[in-house]
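Peer 1: Next comes run-v8.txt, compact mmCIF, C-alpha atoms:
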```
# COMPACT_ATOMS: atom_id res chain seq x y z
CA MET A 1 20.53 -19.73 10.40
CA VAL A 2 21.34 -16.11 9.83
CA LYS A 3 18.80 -13.52 10.84
CA ILE A 4 19.22 -9.83 10.19
CA ASP A 5 17.74 -6.87 11.99
CA PRO A 6 14.34 -5.66 10.69
CA ARG A 7 15.80 -2.18 10.32
CA THR A 8 18.38 -3.58 7.93
CA LYS A 9 15.62 -5.36 6.03
CA ILE A 10 13.78 -2.06 5.55
CA PHE A 11 17.02 -0.36 4.52
CA ILE A 12 17.75 -3.06 1.94
CA LEU A 13 14.18 -2.84 0.62
CA ILE A 14 14.57 0.89 0.07
CA MET A 15 17.96 0.42 -1.59
CA ILE A 16 16.61 -2.25 -3.93
CA ASN A 17 13.65 -0.03 -4.74
CA ILE A 18 15.96 2.77 -5.78
CA VAL A 19 17.65 0.47 -8.27
CA THR A 20 14.64 -1.41 -9.64
CA PHE A 21 12.12 1.40 -9.80
CA SER A 22 14.13 4.48 -10.44
CA THR A 23 12.79 6.60 -13.23
CA ARG A 24 16.27 6.71 -14.65
CA GLY A 25 15.83 3.28 -16.12
CA ALA A 26 18.08 0.79 -14.40
CA VAL A 27 15.84 -2.13 -15.27
CA GLY A 28 17.90 -2.50 -18.39
CA ASP A 29 21.01 -2.53 -16.28
CA VAL A 30 21.82 -6.19 -16.46
CA TYR A 31 24.25 -7.04 -13.74
CA LEU A 32 22.95 -4.67 -11.03
CA LYS A 33 19.52 -6.19 -11.50
CA TRP A 34 20.96 -9.64 -10.89
CA VAL A 35 22.73 -8.51 -7.73
CA ALA A 36 19.54 -6.82 -6.50
CA ALA A 37 17.64 -10.07 -7.09
CA ALA A 38 20.36 -12.16 -5.46
CA ILE A 39 20.26 -10.30 -2.13
CA PRO A 40 16.74 -11.41 -1.05
CA ILE A 41 17.31 -14.92 -2.41
CA VAL A 42 20.53 -15.32 -0.42
CA LEU A 43 18.78 -13.89 2.64
CA MET A 44 15.99 -16.44 2.33
CA LEU A 45 18.51 -19.24 1.88
CA CYS A 46 20.34 -18.09 5.01
CA ASP A 47 17.08 -18.03 6.92
CA GLY A 48 16.33 -21.66 6.08
CA LYS A 49 13.62 -20.88 3.55
CA VAL A 50 15.34 -22.99 0.93
CA ARG A 51 12.29 -24.02 -1.09
CA THR A 52 10.87 -20.50 -1.31
CA ALA A 53 14.26 -19.13 -2.28
CA LEU A 54 14.77 -21.69 -5.03
CA GLY A 55 11.22 -21.17 -6.28
CA PHE A 56 11.75 -17.44 -6.55
CA ALA A 57 15.14 -17.93 -8.20
CA VAL A 58 13.75 -20.26 -10.89
CA LEU A 59 10.75 -17.99 -11.52
CA TYR A 60 12.99 -14.95 -11.83
CA LEU A 61 15.34 -16.72 -14.25
CA VAL A 62 12.44 -17.85 -16.43
CA ILE A 63 10.91 -14.37 -16.54
CA GLN A 64 14.21 -12.69 -17.31
CA ASN A 65 14.76 -15.00 -20.25
CA ILE A 66 11.22 -14.96 -21.57
CA GLY A 67 12.29 -12.32 -24.08
CA LEU A 68 13.54 -15.25 -26.15
CA VAL A 69 9.97 -16.06 -27.17
CA TYR A 70 9.97 -12.91 -29.31
CA GLN A 71 11.95 -14.87 -31.87
CA TYR A 72 8.79 -16.85 -32.45
CA ILE A 73 5.95 -14.38 -31.88
CA SER A 74 5.62 -10.72 -32.81
CA ILE A 75 6.10 -8.21 -30.01
CA SER A 76 3.07 -6.25 -31.19
CA SER A 77 0.70 -9.23 -31.30
CA LEU A 78 -1.82 -9.53 -28.46
CA LEU A 79 0.09 -12.40 -26.86
CA GLY A 80 3.34 -10.50 -27.27
CA VAL A 81 1.95 -7.39 -25.55
CA LEU A 82 0.51 -9.49 -22.72
CA ILE A 83 3.81 -11.30 -22.16
CA GLY A 84 5.59 -7.94 -22.33
CA ALA A 85 3.30 -6.50 -19.67
CA VAL A 86 3.82 -9.49 -17.34
CA VAL A 87 7.57 -9.42 -17.84
CA GLY A 88 7.61 -5.67 -17.31
CA LEU A 89 5.72 -5.90 -14.04
CA VAL A 90 7.13 -9.10 -12.57
CA GLY A 91 10.60 -8.79 -14.02
CA GLY A 92 11.00 -5.15 -13.05
CA MET A 93 9.45 -5.49 -9.63
CA GLY A 94 10.95 -8.94 -8.98
CA PRO A 95 13.79 -7.98 -6.60
CA SER A 96 11.60 -5.54 -4.66
CA PHE A 97 8.80 -8.05 -4.43
CA MET A 98 11.12 -10.78 -3.17
CA MET A 99 12.63 -8.42 -0.60
CA ALA A 100 9.18 -7.26 0.56
CA TYR A 101 8.09 -10.89 0.82
CA TYR A 102 11.15 -11.71 2.88
CA LEU A 103 10.59 -8.66 5.11
CA ILE A 104 6.96 -9.52 5.81
CA THR A 105 7.30 -13.28 6.25
CA THR A 106 10.33 -13.18 8.52
CA THR A 107 9.36 -10.28 10.78
CA SER A 108 6.92 -11.02 13.57
CA VAL A 109 4.60 -8.27 14.75
CA SER A 110 6.36 -7.76 18.08
CA LEU A 111 9.74 -7.72 16.36
CA ALA A 112 8.45 -5.08 13.94
CA ILE A 113 7.10 -2.97 16.82
CA ALA A 114 10.37 -3.33 18.72
CA SER A 115 12.44 -2.16 15.78
CA MET A 116 10.12 0.73 14.93
CA GLU A 117 10.32 1.86 18.54
CA ARG A 118 14.09 1.74 18.28
CA LEU A 119 13.79 3.99 15.23
CA HIS A 120 11.97 6.43 17.56
CA LEU A 121 8.86 6.48 15.42
CA SER A 122 5.71 7.90 17.00
CA GLN A 123 3.03 5.51 18.26
CA LYS A 124 0.71 7.27 15.85
CA ILE A 125 2.63 5.74 13.00
CA ILE A 126 3.64 2.43 14.59
CA ILE A 127 0.12 1.30 15.53
CA PRO A 128 -1.64 1.93 12.18
CA PHE A 129 1.35 0.48 10.33
CA THR A 130 1.35 -2.72 12.38
CA VAL A 131 -2.41 -3.09 12.07
CA LEU A 132 -2.15 -2.50 8.33
CA PHE A 133 0.26 -5.39 7.76
CA ARG A 134 -1.51 -7.65 10.22
CA PHE A 135 -4.72 -7.05 8.32
CA PHE A 136 -3.82 -8.05 4.77
CA PRO A 137 -3.96 -11.81 5.54
CA THR A 138 -7.09 -11.27 7.65
CA ILE A 139 -8.87 -9.61 4.74
CA GLY A 140 -8.01 -12.62 2.56
CA GLU A 141 -9.26 -15.10 5.16
CA GLU A 142 -12.49 -13.21 5.75
CA TYR A 143 -13.09 -12.87 2.03
CA ARG A 144 -12.69 -16.62 1.49
CA SER A 145 -15.06 -17.40 4.36
CA ILE A 146 -17.66 -15.00 3.00
CA LYS A 147 -17.29 -16.51 -0.46
CA ASP A 148 -17.89 -19.99 0.95
CA ALA A 149 -20.89 -18.84 2.96
CA MET A 150 -22.42 -17.17 -0.08
CA ARG A 151 -21.80 -20.20 -2.24
CA MET A 152 -23.70 -22.33 0.26
CA ARG A 153 -26.61 -19.94 -0.14
CA GLY A 154 -26.28 -20.27 -3.90
CA ILE A 155 -25.14 -16.70 -4.50
CA THR A 156 -22.39 -16.47 -7.09
CA LEU A 157 -20.79 -13.49 -8.79
CA ARG A 158 -22.63 -14.21 -12.01
CA ARG A 159 -25.39 -11.97 -10.70
CA GLY A 160 -23.37 -8.92 -11.68
CA PRO A 161 -21.48 -6.05 -10.06
CA ILE A 162 -24.27 -5.09 -7.66
CA ALA A 163 -24.17 -8.63 -6.27
CA ILE A 164 -20.42 -8.27 -5.69
CA LEU A 165 -21.13 -5.18 -3.60
CA GLU A 166 -24.07 -6.57 -1.67
CA TYR A 167 -22.82 -10.06 -1.00
CA ARG A 168 -19.06 -9.66 -0.87
CA LEU A 169 -17.81 -6.16 -0.06
CA ILE A 170 -20.48 -5.20 2.47
CA PRO A 171 -20.28 -8.38 4.61
CA LEU A 172 -16.50 -8.08 4.36
CA MET A 173 -16.57 -4.49 5.63
CA THR A 174 -18.92 -5.44 8.45
CA SER A 175 -16.72 -8.27 9.69
CA ILE A 176 -13.55 -6.21 9.30
CA VAL A 177 -14.98 -3.37 11.38
CA LYS A 178 -15.94 -5.92 14.05
CA ILE A 179 -12.44 -7.43 14.04
CA GLY A 180 -11.02 -3.92 14.31
CA GLU A 181 -13.11 -3.26 17.39
CA GLU A 182 -11.90 -6.49 18.97
CA LEU A 183 -8.35 -5.58 18.09
CA SER A 184 -8.53 -2.18 19.75
CA ALA A 185 -10.15 -3.77 22.81
CA ALA A 186 -7.25 -6.25 22.94
CA ALA A 187 -4.76 -3.40 22.60
CA LEU A 188 -6.49 -1.47 25.40
CA THR A 189 -6.25 -4.41 27.79
CA ARG A 190 -2.54 -4.51 27.10
CA GLY A 191 -2.23 -0.89 28.09
CA LEU A 192 -1.13 0.32 24.68
CA ASP A 193 -2.83 3.69 25.13
CA GLN A 194 -1.28 4.61 28.45
CA GLY A 195 1.62 6.45 26.89
CA ILE A 196 4.05 4.50 29.05
CA ARG A 197 7.14 2.93 27.56
CA ARG A 198 6.41 -0.76 27.13
CA THR A 199 8.97 -3.50 27.35
CA ASN A 200 9.46 -5.94 24.52
CA MET A 201 10.81 -9.48 24.55
CA CYS A 202 12.34 -9.17 21.12
CA GLU A 203 15.95 -8.20 21.03
CA VAL A 204 16.80 -5.78 18.26
CA ARG A 205 20.49 -5.58 17.59
CA PHE A 206 22.78 -5.21 14.60
CA SER A 207 25.28 -7.97 13.84
CA ILE A 208 28.03 -8.57 11.32
CA PHE A 209 25.46 -9.92 8.84
CA ASP A 210 23.60 -6.62 8.91
CA VAL A 211 26.80 -4.90 7.89
CA LEU A 212 27.39 -7.48 5.15
CA PHE A 213 23.95 -7.42 3.54
CA GLY A 214 23.35 -3.73 4.18
CA GLY A 215 26.76 -3.02 2.67
CA ALA A 216 25.99 -5.12 -0.40
CA ALA A 217 22.72 -3.26 -0.94
CA SER A 218 24.37 0.14 -0.50
CA ALA A 219 27.14 -0.88 -2.90
CA VAL A 220 24.55 -1.70 -5.57
CA VAL A 221 23.00 1.74 -5.17
CA VAL A 222 26.34 3.54 -5.16
CA ILE A 223 27.47 1.77 -8.35
CA TYR A 224 24.11 2.49 -9.89
CA LEU A 225 24.24 6.20 -9.03
CA LEU A 226 27.85 6.50 -10.20
CA GLU A 227 26.77 5.52 -13.69
CA PHE A 228 24.86 8.76 -13.99
CA ILE A 229 27.66 11.07 -13.06
CA MET B 1 2.31 11.63 29.54
CA GLU B 2 3.92 10.72 32.78
CA ILE B 3 0.74 10.04 34.69
CA LYS B 4 0.46 6.87 36.74
CA GLY B 5 -1.96 5.41 39.24
CA GLY B 6 -5.73 5.35 39.57
CA GLY B 7 -6.27 9.08 39.40
CA GLY B 8 -3.95 9.29 36.46
CA PHE B 9 -6.15 7.00 34.44
CA ILE B 10 -8.99 9.51 34.46
CA MET B 11 -6.63 12.38 33.79
CA SER B 12 -4.97 10.70 30.85
CA ASN B 13 -8.38 9.90 29.40
CA LYS B 14 -9.25 13.56 29.58
CA ALA B 15 -5.99 14.51 27.94
CA THR B 16 -6.49 12.09 25.05
CA LYS B 17 -10.06 13.10 24.36
CA SER B 18 -9.17 15.45 21.54
CA ARG B 19 -6.11 13.45 20.53
CA LEU B 20 -5.88 10.21 18.61
CA GLY B 21 -6.46 7.22 20.85
CA ILE B 22 -5.78 3.57 20.27
CA LYS B 23 -9.24 3.00 18.77
CA GLU B 24 -8.71 5.65 16.11
CA LEU B 25 -5.22 4.39 15.30
CA VAL B 26 -6.47 0.80 14.87
CA ASN B 27 -9.28 2.07 12.64
CA ILE B 28 -6.78 3.95 10.48
CA GLY B 29 -4.80 0.72 10.11
CA ILE B 30 -7.70 -1.49 9.11
CA PHE B 31 -9.20 0.97 6.67
CA ALA B 32 -5.79 1.61 5.15
CA ALA B 33 -5.50 -2.16 4.58
CA VAL B 34 -8.92 -2.35 2.91
CA TYR B 35 -8.16 0.77 0.88
CA PHE B 36 -4.91 -0.69 -0.36
CA VAL B 37 -6.43 -3.98 -1.42
CA ILE B 38 -8.95 -2.04 -3.52
CA PHE B 39 -6.27 0.34 -4.77
CA PHE B 40 -4.09 -2.53 -6.00
CA ILE B 41 -7.01 -4.25 -7.70
CA ALA B 42 -7.67 -0.97 -9.54
CA ALA B 43 -3.97 -0.38 -10.24
CA SER B 44 -3.55 -3.83 -11.77
CA THR B 45 -5.76 -2.68 -14.65
CA GLY B 46 -2.87 -0.34 -15.50
CA VAL B 47 -1.44 -2.88 -17.95
CA VAL B 48 -3.93 -1.47 -20.47
CA PRO B 49 -2.50 1.86 -21.73
CA ILE B 50 -5.56 4.02 -21.03
CA MET B 51 -5.87 2.65 -17.51
CA THR B 52 -2.26 3.58 -16.74
CA VAL B 53 -3.59 7.13 -16.43
CA LEU B 54 -7.16 6.43 -15.41
CA TYR B 55 -6.88 3.68 -12.80
CA PRO B 56 -7.19 6.23 -9.93
CA VAL B 57 -10.70 7.00 -11.19
CA LEU B 58 -11.63 3.32 -10.90
CA SER B 59 -10.02 3.12 -7.48
CA ALA B 60 -11.90 6.24 -6.32
CA ILE B 61 -15.22 4.69 -7.33
CA LEU B 62 -14.49 1.27 -5.81
CA ALA B 63 -13.10 2.63 -2.55
CA GLY B 64 -16.17 4.79 -1.98
CA ILE B 65 -17.92 2.29 0.28
CA PRO B 66 -15.11 1.61 2.77
CA MET B 67 -13.88 5.20 2.75
CA ILE B 68 -17.28 6.78 3.43
CA LEU B 69 -17.69 4.29 6.25
CA PHE B 70 -14.27 5.40 7.52
CA LEU B 71 -15.12 9.09 7.19
CA ALA B 72 -18.34 8.48 9.09
CA LYS B 73 -16.22 7.00 11.88
CA VAL B 74 -13.66 9.81 11.84
CA ASN B 75 -14.23 12.23 14.67
CA LYS B 76 -10.78 13.58 15.35
CA PHE B 77 -8.41 15.77 13.44
CA GLY B 78 -5.47 14.04 11.80
CA MET B 79 -6.97 10.66 10.95
CA LEU B 80 -7.01 11.29 7.21
CA THR B 81 -3.56 12.85 7.28
CA LEU B 82 -2.22 9.69 8.91
CA LEU B 83 -4.00 7.47 6.40
CA CYS B 84 -2.46 9.53 3.60
CA LEU B 85 0.96 9.33 5.21
CA LEU B 86 0.63 5.53 5.24
CA SER B 87 -0.42 5.61 1.58
CA GLY B 88 2.58 7.73 0.68
CA LEU B 89 4.99 5.53 2.64
CA ILE B 90 3.69 2.32 1.05
CA ASN B 91 3.90 3.87 -2.38
CA PHE B 92 7.45 4.94 -1.67
CA ALA B 93 8.28 1.40 -0.53
CA MET B 94 6.83 0.19 -3.81
CA GLY B 95 9.05 2.55 -5.70
CA PHE B 96 6.77 5.32 -6.92
CA GLY B 97 9.23 7.84 -5.60
CA LEU B 98 9.43 10.22 -2.68
CA GLN B 99 7.27 12.91 -4.23
CA SER B 100 4.11 10.93 -3.44
CA ILE B 101 4.61 11.49 0.32
CA PRO B 102 4.31 15.33 0.39
CA VAL B 103 1.42 15.27 -2.11
CA ALA B 104 -0.38 12.64 -0.02
CA LEU B 105 0.23 14.63 3.17
CA LEU B 106 -1.11 17.79 1.58
CA CYS B 107 -4.26 16.03 0.34
CA GLY B 108 -4.79 14.41 3.72
CA LEU B 109 -4.37 17.66 5.59
CA VAL B 110 -6.80 19.56 3.36
CA ALA B 111 -9.31 16.69 3.58
CA ASP B 112 -8.95 16.73 7.37
CA LEU B 113 -9.59 20.48 7.45
CA ILE B 114 -12.70 20.05 5.31
CA LEU B 115 -14.01 17.34 7.64
CA LYS B 116 -13.30 19.52 10.64
CA ALA B 117 -15.18 22.42 9.06
CA GLY B 118 -18.14 20.10 8.63
CA GLY B 119 -17.99 19.07 12.27
CA TYR B 120 -17.39 15.41 11.25
CA LYS B 121 -21.14 15.00 10.68
CA SER B 122 -22.19 16.53 7.39
CA PHE B 123 -22.19 14.24 4.36
CA ARG B 124 -21.57 17.16 2.01
CA TYR B 125 -18.26 17.86 3.71
CA MET B 126 -17.43 14.15 3.71
CA LEU B 127 -17.99 14.06 -0.04
CA PHE B 128 -15.55 16.93 -0.61
CA ALA B 129 -13.07 15.46 1.85
CA TYR B 130 -13.18 12.15 -0.03
CA ILE B 131 -12.66 13.94 -3.35
CA VAL B 132 -9.60 15.79 -2.02
CA PHE B 133 -8.30 12.61 -0.40
CA SER B 134 -8.60 10.68 -3.68
CA GLU B 135 -6.34 13.18 -5.41
CA TRP B 136 -3.31 11.93 -3.49
CA VAL B 137 -2.76 9.39 -6.28
CA VAL B 138 -1.73 12.27 -8.56
CA GLY B 139 1.52 12.41 -6.58
CA THR B 140 2.46 8.90 -7.71
CA MET B 141 1.74 9.85 -11.31
CA LEU B 142 3.57 13.19 -11.41
CA PRO B 143 6.82 11.71 -12.86
CA MET B 144 4.88 10.87 -16.00
CA TRP B 145 4.56 14.58 -16.69
CA ILE B 146 7.66 15.98 -15.05
CA MET B 147 10.12 13.38 -16.29
CA THR B 148 8.25 11.95 -19.26
CA GLU B 149 11.30 10.81 -21.25
CA SER B 150 13.09 8.93 -18.49
CA TYR B 151 9.84 7.60 -17.03
CA PHE B 152 8.93 5.83 -20.22
CA GLU B 153 12.44 4.62 -20.83
CA ILE B 154 11.72 1.73 -18.42
CA ALA B 155 8.36 0.98 -19.92
CA ARG B 156 9.90 1.00 -23.41
CA ARG B 157 12.30 -1.75 -22.44
CA THR B 158 9.88 -3.79 -20.40
CA GLN B 159 6.49 -3.28 -21.97
CA GLY B 160 7.44 -2.56 -25.53
CA GLN B 161 7.33 0.42 -27.89
CA GLU B 162 3.67 -0.23 -28.65
CA PHE B 163 2.65 0.30 -25.03
CA VAL B 164 4.77 3.44 -24.69
CA ASP B 165 3.43 5.01 -27.89
CA GLN B 166 -0.15 4.42 -26.85
CA THR B 167 0.45 5.73 -23.35
CA LEU B 168 2.43 8.76 -24.56
CA LYS B 169 -0.49 9.75 -26.74
CA LEU B 170 -2.49 10.09 -23.53
CA ILE B 171 0.10 12.06 -21.62
CA THR B 172 -0.11 15.40 -23.30
CA GLY B 173 -0.11 18.55 -21.19
CA TRP B 174 -3.85 18.90 -20.79
CA MET B 175 -4.17 15.35 -19.53
CA LEU B 176 -3.10 16.21 -15.98
CA PRO B 177 -6.06 18.55 -15.22
CA VAL B 178 -8.36 16.11 -17.02
CA VAL B 179 -7.15 13.29 -14.78
CA ILE B 180 -7.62 15.43 -11.67
CA ILE B 181 -11.19 16.30 -12.72
CA LEU B 182 -11.97 12.69 -13.62
CA ILE B 183 -10.68 11.49 -10.24
CA ALA B 184 -12.93 14.06 -8.57
CA ILE B 185 -15.94 12.80 -10.55
CA GLY B 186 -15.04 9.19 -9.77
CA ALA B 187 -14.68 10.03 -6.09
CA ALA B 188 -18.05 11.79 -6.08
CA ILE B 189 -19.69 8.71 -7.62
CA GLY B 190 -17.92 6.48 -5.12
CA ALA B 191 -18.99 8.69 -2.23
CA LEU B 192 -22.63 8.64 -3.34
CA ILE B 193 -22.58 4.83 -3.61
CA GLY B 194 -20.88 4.77 -0.22
CA LYS B 195 -23.57 6.96 1.30
CA ARG B 196 -26.37 4.74 0.02
CA VAL B 197 -24.64 1.62 1.35
CA LEU B 198 -23.93 3.37 4.64
CA LEU B 199 -27.58 4.21 5.15
CA LYS B 200 -28.92 0.92 3.83
CA HIS B 201 -26.55 -1.53 5.50
CA PHE B 202 -24.02 -0.17 7.95
CA LYS B 203 -26.30 2.13 9.93
CA ARG B 204 -28.76 -0.73 10.31
CA ALA B 205 -26.07 -3.15 11.42
CA GLY B 206 -24.92 -0.59 13.93
CA ILE B 207 -21.34 -0.32 12.75
CA ALA B 208 -21.34 3.23 11.44
```
Take the structure in this file and express it as structure tokens.
Peer 2:
Amino acid sequence: MVKIDPRTKIFILIMINIVTFSTRGAVGDVYLKWVAAAIPIVLMLCDGKVRTALGFAVLYLVIQNIGLVYQYISISSLLGVLIGAVVGLVGGMGPSFMMAYYLITTTSVSLAIASMERLHLSQKIIIPFTVLFRFFPTIGEEYRSIKDAMRMRGITLRRGPIAILEYRLIPLMTSIVKIGEELSAAALTRGLDQGIRRTNMCEVRFSIFDVLFGGAASAVVVIYLLEFI
Amino acid sequence: MEIKGGGGFIMSNKATKSRLGIKELVNIGIFAAVYFVIFFIAASTGVVPIMTVLYPVLSAILAGIPMILFLAKVNKFGMLTLLCLLSGLINFAMGFGLQSIPVALLCGLVADLILKAGGYKSFRYMLFAYIVFSEWVVGTMLPMWIMTESYFEIARRTQGQEFVDQTLKLITGWMLPVVIILIAIGAAIGALIGKRVLLKHFKRAGIA
């Protein structure tokens, strides 16, 4: 199993973003797009996430080739526009999304903190950032629990937008604020606010694989930028 | 802070009184998470041409409740600036370009100043702070006006000529101020909803 440094993961994410999202229009750039998509897939394969990697690969291939359906339906029909929108979003964002997925699923919170500290980022950025990413799954969990609880009381969303506010968003906000309070209490007991350098179990170090994958990502960007000169 | 020991604990507490403590930083994180979930729900309506320009209005209305709750909790300078910095960074990571970071920072700073002027208590100042804060989205949309041709080159290939033509019709010069004004109106509506909810639910539950 090959693991790369979180800092390299962030670097690769930024590099892939430059290629896939640039306003100069590289989405049409066929081979660079494939390389950009291949990097996260290879990384996932190396990390032992074979099923996820293959799933992403198949999905990406299907979406890239979905343009073939325009032989059968008009591009300006409703279905055609819808397919176009999905392909535009998923196909264009595909490599970035895969890389972001890889970054988030393979980086534990303490590893992320360790690497951000090594980047000499301020605590004022590290703490909100860590909480932010830790909270996305929590919001989902809480939302599902609230939905279940409301269904048991017989309250469904068919009551309209006001019901969504009263019975979904407000309980969600209440429980999230409570969780936040618990989280800051937990952080306080660990002495996070003492301004003293804390030790971390996670080892953050570059290896040959960081050079390899980071180099591949930089090469993609360099080739991409050269095309505009 | 190089203070250690029992006495140091009191001293460091004194020193951090006006500065951002762990509680504030955690609050910034959780509200940023909630804000982004709502923002992405609003942004996903952008597949419809008109919403490509107007989704920030929807997001400003929807985010009113959590953001007014957040503003009611804010009591130190810099909290909104940090939230905006996070917004800008995430948007950069998602590929909306670097220009969204300075715009977001500017909006956050001005919103922070407004809140400070209101002493972190007055709802009127909160309303204006929320309006200014909501305008940070304009930074992510600026390329549409500055680099119109190249911006829509991608959309032309991925979303079809139809989509581009309809969107381009909306992106004439006067659209930018219109969008800014509409965001402000949306934010005001969101803030008023947020205030009602704050008084009706959150104050009563003791979380605001």
Peer 1: Between B:Ile68, B:Leu54, B:Val137, B:Leu86, which has the minimum distance to chain A (counting only C-alpha atoms)?
Peer 2: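 When distances to chain A are compared using only C-alpha atoms, the smallest one comes from B:Leu86.
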Peer 1: For the atom pair CA of Ile30 in chain B and CA of Lys9 in chain A, what is the interatomic distance in Å to one decimal place?
Peer 2: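 Value for the CA of Ile30 in chain B-CA of Lys9 in chain A distance: 23.8 Å.
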Peer 1: Given only C-alpha atoms as the basis, pick out the residue of A:Val62, A:Ala149, A:Met15, A:Leu226 nearest to chain B.
Peer 2: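 Using only C-alpha atoms, chain B sits closest to A:Met15.
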Peer 1: Please measure the separation of CA of Ala72 in chain B and CA of Ile183 in chain B, giving the value in Å to one decimal.
Peer 2: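 According to the coordinates, CA of Ala72 in chain B and CA of Ile183 in chain B are separated by 21.0 Å.
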Peer 1: Between A:Phe11, A:Phe135, A:Phe129, A:Phe209, which residue has the minimum interatomic distance to Cys84 in chain B, considering only C-alpha atoms?
Peer 2: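 Looking at the shortest contact to Cys84 in chain B, the residue is A:Phe129.
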Peer 1: Nearest residue to chain A out of B:Ala191, B:Val138, B:Ala205, B:Val178, using all atoms listed in the file?
Peer 2: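 Smallest distance to chain A is found for B:Ala205.
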Peer 1: Have a look at CA of Gly186 in chain B and CA of Gln99 in chain B and let me know their distance in Å, one decimal.
Peer 2: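 Between these atoms lies a distance of 23.3 Å.
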Peer 1: Rank nothing, just name the residue among B:Thr140, B:Asn75, B:Ser122, B:Thr45 nearest to Ser87 in chain B, using only C-alpha atoms.
Peer 2: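 So, comparing all the options, the nearest one is B:Thr140.
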Peer 1: Hey, which of B:Ile22, B:Met126, B:Leu69, B:Ala184 ends up closest to Ile170 in chain A? Count all atoms listed in the file.
Peer 2: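 Counting all atoms listed in the file, the residue closest to Ile170 in chain A is B:Leu69.
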Peer 1: Give as an MDAnalysis selection string the set of residues within 12 Å of the point (-5.6, -3.0, 23.0), where distances use the file's coordinates and only C-alpha atoms.
Peer 2: (chainID A and resid 127 131 180:194) or (chainID B and resid 21:26)
Peer 1: I need range 151-174 of chain A from the structure I supplied, saved as an mmCIF file, in the first residue's frame with C-alpha atoms retained.
Peer 2:
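What landed in selection-v4.cif:
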```cif
data_model
loop_
_atom_site.group_PDB
_atom_site.id
_atom_site.type_symbol
_atom_site.label_atom_id
_atom_site.label_comp_id
_atom_site.auth_asym_id
_atom_site.auth_seq_id
_atom_site.Cartn_x
_atom_site.Cartn_y
_atom_site.Cartn_z
ATOM 1 C CA ARG A 151 -41.642 10.609 10.234
ATOM 2 C CA MET A 152 -42.524 8.772 13.433
ATOM 3 C CA ARG A 153 -44.551 11.802 14.443
ATOM 4 C CA GLY A 154 -46.213 11.743 11.036
ATOM 5 C CA ILE A 155 -44.672 14.986 9.810
ATOM 6 C CA THR A 156 -43.594 14.810 6.188
ATOM 7 C CA LEU A 157 -42.362 17.478 3.803
ATOM 8 C CA ARG A 158 -45.664 17.506 1.964
ATOM 9 C CA ARG A 159 -46.763 20.200 4.391
ATOM 10 C CA GLY A 160 -44.797 22.771 2.414
ATOM 11 C CA PRO A 161 -41.712 24.956 2.756
ATOM 12 C CA ILE A 162 -42.624 26.315 6.195
ATOM 13 C CA ALA A 163 -42.729 22.734 7.484
ATOM 14 C CA ILE A 164 -39.228 22.155 6.101
ATOM 15 C CA LEU A 165 -38.022 25.120 8.141
ATOM 16 C CA GLU A 166 -39.866 24.286 11.333
ATOM 17 C CA TYR A 167 -39.364 20.555 11.428
ATOM 18 C CA ARG A 168 -36.060 20.045 9.645
ATOM 19 C CA LEU A 169 -33.757 23.072 9.580
ATOM 20 C CA ILE A 170 -34.492 24.387 13.072
ATOM 21 C CA PRO A 171 -34.061 21.072 14.948
ATOM 22 C CA LEU A 172 -30.957 20.500 12.826
ATOM 23 C CA MET A 173 -29.498 23.870 13.822
ATOM 24 C CA THR A 174 -30.308 23.241 17.479
#
```
